[in-house]
Amino acid sequence: MSRIPYPTDAELDDDARAILAALPALNVVRMFAGAPAALRPLTDLGQAILLHSQLDPRLRQIAILSVAHATGSTYERAQHEEVSRAVGVSDAEIEAASDNQLEALPEDAQLVARFAAAIASDVSADEQLTTAVLELLGRRQATELVVCCAFYCAVARIIATCGVEVEDALPTAGIDPQAWAAGETDSSSDETKEHRDDR
């Protein structure tokens, strides 16, 4: 049982129910709905990170799994091992990132995993590590990586404090990221949609 109760559909407004209906039935998203003003911003940011950043999805997932390990988030690990498989991360890399076995990862993934773990454990990565990530990824993708790590650090703390439970059947199992993108909520501005079309 969660420490803070999940809101029921009857307790939610139409907008919140529409957001939940458009996304996988994740307990963490329902917990977000308990803070109604935060639900759309949190889910929009999550979708921006997962669906619309230029950061290589493989490296993004290595970072998220590293955050999950550093924060002890069983929930994030369970969900994002599935998402990692969906975007083509190998089982060997998933296991290595999830268990912090960095020597089993390629050099680029090792660097990203170390960077993510430093943010999760120490709040910031040191200048040398940050410079190395910047050289690897460039400004935009390095910044996207920082935002990704910070977001999943925050989510791990919400999960832990609220007592969000891993679902009996993982909503992310066998997920198709493109289908998820097609089911997004209508919260994006016209300018954002045009930007996506131009890529």
# chains A, B, ... in the order shown; residues from 1 in each chain; ligands from 1
call {"tool": "residues_around", "arguments": {"residues": "Pro106 (chain A)", "least_positions_apart": "5", "cutoff": "12 Å", "atoms": "only C-alpha atoms", "output": "list in words"}}
result
Arg58, Leu59, Ile62, Ser90, Ala92, Glu93, Ala96, Ala97, Gln101, Leu111, Val112 and Ala113 of chain A
call {"tool": "closest_residue", "arguments": {"among": "A:Pro57, A:Pro7, A:Pro24, A:Gly72", "to": "Pro36 (chain A)", "atoms": "only C-alpha atoms"}}
result
A:Pro7
call {"tool": "residues_around", "arguments": {"residues": "Gly174 (chain A)", "least_positions_apart": "3", "cutoff": "12 Å", "atoms": "only C-alpha atoms", "output": "VMD selection string"}}
result
chain A and resid 24 79 to 88 169 to 171 177 to 180
call {"tool": "closest_residue", "arguments": {"among": "A:Ala156, A:Ala78, A:Thr8, A:Phe115", "to": "Leu129 (chain A)", "atoms": "only C-alpha atoms"}}
result
A:Phe115
call {"tool": "closest_residue", "arguments": {"among": "A:Asp99, A:Asp44, A:Asp14, A:Asp108", "to": "Thr74 (chain A)", "atoms": "only C-alpha atoms"}}
result
A:Asp99
call {"tool": "closest_residue", "arguments": {"among": "A:Asp126, A:Leu55, A:Ser73, A:Ile119", "to": "Arg140 (chain A)", "atoms": "only C-alpha atoms"}}
result
A:Leu55
call {"tool": "residues_around", "arguments": {"residues": "Ala35 (chain A)", "least_positions_apart": "2", "cutoff": "12 Å", "atoms": "only C-alpha atoms", "output": "number ranges by chain"}}
result
A: 4-7, 11-13, 16, 28-33, 37-42, 158, 162
call {"tool": "atom_distance", "arguments": {"atom1": "CA of Gln47 (chain A)", "atom2": "CA of Ser124 (chain A)"}}
result
23.5 Å
call {"tool": "atom_distance", "arguments": {"atom1": "CA of Val67 (chain A)", "atom2": "CA of Glu135 (chain A)"}}
result
21.4 Å
call {"tool": "atom_distance", "arguments": {"atom1": "CA of Asn100 (chain A)", "atom2": "CA of Ala154 (chain A)"}}
result
19.9 Å
call {"tool": "select_by_dssp", "arguments": {"residues": "region 26-176 of chain A", "states": "alpha helix (DSSP H)", "output": "PyMOL selection string"}}
result
chain A and resi 27-32+36-51+57-71+74-86+91-98+107-122+127-162
call {"tool": "write_last_selection", "arguments": {"atoms": "C-alpha atoms", "output": "compact mmCIF listing (two decimals), in the first residue's frame"}}
result
# COMPACT_ATOMS: atom_id res chain seq x y z
CA ASN A 27 1.08 4.26 -10.56
CA VAL A 28 3.56 7.12 -10.47
CA VAL A 29 1.48 9.16 -12.92
CA ARG A 30 -1.64 8.59 -10.83
CA MET A 31 0.34 9.74 -7.81
CA PHE A 32 1.28 12.91 -9.73
CA PRO A 36 -3.41 18.44 -9.76
CA ALA A 37 -1.56 21.62 -10.74
CA ALA A 38 1.65 19.59 -11.18
CA LEU A 39 0.21 16.71 -13.22
CA ARG A 40 0.36 18.25 -16.69
CA PRO A 41 3.76 19.95 -16.22
CA LEU A 42 5.29 16.74 -14.90
CA THR A 43 3.89 14.52 -17.64
CA ASP A 44 4.74 17.10 -20.32
CA LEU A 45 8.34 17.20 -19.12
CA GLY A 46 8.52 13.42 -19.02
CA GLN A 47 7.23 13.22 -22.59
CA ALA A 48 9.64 15.94 -23.73
CA ILE A 49 12.55 13.92 -22.33
CA LEU A 50 11.39 10.54 -23.66
CA LEU A 51 9.93 11.55 -27.01
CA PRO A 57 17.61 7.15 -26.61
CA ARG A 58 20.16 4.47 -25.72
CA LEU A 59 22.28 6.91 -23.72
CA ARG A 60 19.16 8.45 -22.18
CA GLN A 61 18.06 5.07 -20.90
CA ILE A 62 21.53 4.25 -19.58
CA ALA A 63 21.34 7.52 -17.64
CA ILE A 64 17.88 6.78 -16.23
CA LEU A 65 18.89 3.27 -15.15
CA SER A 66 21.98 4.76 -13.50
CA VAL A 67 19.79 7.25 -11.62
CA ALA A 68 17.53 4.38 -10.57
CA HIS A 69 20.52 2.48 -9.21
CA ALA A 70 21.99 5.49 -7.41
CA THR A 71 18.65 6.39 -5.79
CA THR A 74 13.16 -0.28 -7.82
CA TYR A 75 10.15 1.30 -9.53
CA GLU A 76 12.21 3.35 -12.00
CA ARG A 77 14.42 0.36 -12.70
CA ALA A 78 11.46 -1.92 -13.44
CA GLN A 79 9.76 0.55 -15.78
CA HIS A 80 12.87 1.72 -17.58
CA GLU A 81 14.36 -1.69 -18.18
CA GLU A 82 11.23 -2.24 -20.29
CA VAL A 83 11.49 1.16 -22.01
CA SER A 84 15.19 0.46 -22.68
CA ARG A 85 14.32 -2.78 -24.46
CA ALA A 86 11.69 -0.95 -26.50
CA ASP A 91 19.96 -6.81 -22.36
CA ALA A 92 23.67 -6.80 -21.50
CA GLU A 93 23.75 -2.98 -21.36
CA ILE A 94 20.51 -2.86 -19.38
CA GLU A 95 21.90 -5.27 -16.79
CA ALA A 96 25.21 -3.42 -16.61
CA ALA A 97 23.60 0.00 -16.12
CA SER A 98 21.01 -1.30 -13.65
CA GLU A 107 32.97 4.05 -23.28
CA ASP A 108 30.20 6.53 -24.19
CA ALA A 109 27.69 4.72 -21.98
CA GLN A 110 30.22 4.47 -19.13
CA LEU A 111 30.68 8.25 -19.23
CA VAL A 112 26.94 8.91 -19.25
CA ALA A 113 26.35 6.43 -16.43
CA ARG A 114 29.04 8.05 -14.27
CA PHE A 115 27.60 11.50 -15.00
CA ALA A 116 24.06 10.42 -14.11
CA ALA A 117 25.19 8.69 -10.93
CA ALA A 118 27.10 11.79 -9.83
CA ILE A 119 24.03 14.00 -10.29
CA ALA A 120 21.86 11.50 -8.41
CA SER A 121 24.30 10.96 -5.55
CA ASP A 122 26.14 14.28 -5.25
CA GLU A 127 33.82 19.98 -13.85
CA GLN A 128 36.01 17.31 -15.44
CA LEU A 129 33.13 14.89 -15.88
CA THR A 130 30.81 17.62 -17.16
CA THR A 131 33.44 18.76 -19.68
CA ALA A 132 33.82 15.20 -20.95
CA VAL A 133 30.05 14.89 -21.43
CA LEU A 134 29.95 18.23 -23.22
CA GLU A 135 32.71 17.10 -25.58
CA LEU A 136 30.88 13.83 -26.26
CA LEU A 137 27.39 15.21 -26.78
CA GLY A 138 27.59 18.92 -27.54
CA ARG A 139 25.71 21.66 -25.71
CA ARG A 140 22.12 20.73 -26.55
CA GLN A 141 22.32 17.02 -25.83
CA ALA A 142 24.48 17.55 -22.74
CA THR A 143 21.84 19.94 -21.38
CA GLU A 144 19.08 17.48 -22.26
CA LEU A 145 21.00 14.81 -20.34
CA VAL A 146 21.20 17.05 -17.26
CA VAL A 147 17.45 17.73 -17.44
CA CYS A 148 16.77 14.00 -17.85
CA CYS A 149 18.88 13.08 -14.83
CA ALA A 150 17.40 15.85 -12.68
CA PHE A 151 13.84 14.87 -13.60
CA TYR A 152 14.30 11.20 -12.78
CA CYS A 153 16.09 12.09 -9.53
CA ALA A 154 13.03 14.12 -8.56
CA VAL A 155 10.66 11.35 -9.64
CA ALA A 156 12.64 8.80 -7.61
CA ARG A 157 12.12 10.93 -4.52
CA ILE A 158 8.38 11.24 -5.20
CA ILE A 159 8.18 7.47 -5.64
CA ALA A 160 10.11 6.74 -2.44
CA THR A 161 8.36 9.28 -0.21
CA CYS A 162 4.83 8.56 -1.46
call {"tool": "decode", "arguments": {"residues": "region 164-176 of chain A", "atoms": "N, CA and C atoms", "output": "CSV table (one decimal), in the first residue's frame"}}
result
chain,number,residue,atom,x,y,z
A,164,VAL,N,5.1,4.8,-3.9
A,164,VAL,CA,4.5,4.3,-5.1
A,164,VAL,C,5.0,2.8,-5.4
A,165,GLU,N,4.0,2.0,-5.6
A,165,GLU,CA,4.3,0.5,-5.8
A,165,GLU,C,4.5,0.1,-7.3
A,166,VAL,N,5.3,-0.8,-7.5
A,166,VAL,CA,5.5,-1.4,-8.8
A,166,VAL,C,4.2,-2.2,-9.1
A,167,GLU,N,3.7,-2.0,-10.3
A,167,GLU,CA,2.4,-2.6,-10.7
A,167,GLU,C,2.6,-4.1,-10.9
A,168,ASP,N,1.6,-4.9,-10.7
A,168,ASP,CA,1.7,-6.3,-10.8
A,168,ASP,C,2.0,-6.7,-12.3
A,169,ALA,N,1.4,-6.0,-13.2
A,169,ALA,CA,1.7,-6.1,-14.6
A,169,ALA,C,2.3,-4.8,-15.1
A,170,LEU,N,3.5,-4.7,-15.5
A,170,LEU,CA,4.2,-3.5,-15.9
A,170,LEU,C,3.5,-2.8,-17.1
A,171,PRO,N,3.0,-1.6,-16.9
A,171,PRO,CA,2.4,-0.9,-18.1
A,171,PRO,C,3.4,-0.7,-19.2
A,172,THR,N,4.7,-0.7,-18.9
A,172,THR,CA,5.7,-0.4,-19.9
A,172,THR,C,6.2,-1.7,-20.6
A,173,ALA,N,5.7,-2.8,-20.2
A,173,ALA,CA,6.2,-4.1,-20.8
A,173,ALA,C,5.7,-4.1,-22.3
A,174,GLY,N,6.6,-4.3,-23.2
A,174,GLY,CA,6.3,-4.3,-24.6
A,174,GLY,C,5.8,-3.0,-25.2
A,175,ILE,N,6.1,-1.9,-24.5
A,175,ILE,CA,5.6,-0.6,-25.0
A,175,ILE,C,6.2,-0.2,-26.3
A,176,ASP,N,5.4,0.4,-27.2
A,176,ASP,CA,5.8,0.9,-28.4
A,176,ASP,C,6.0,2.4,-28.3
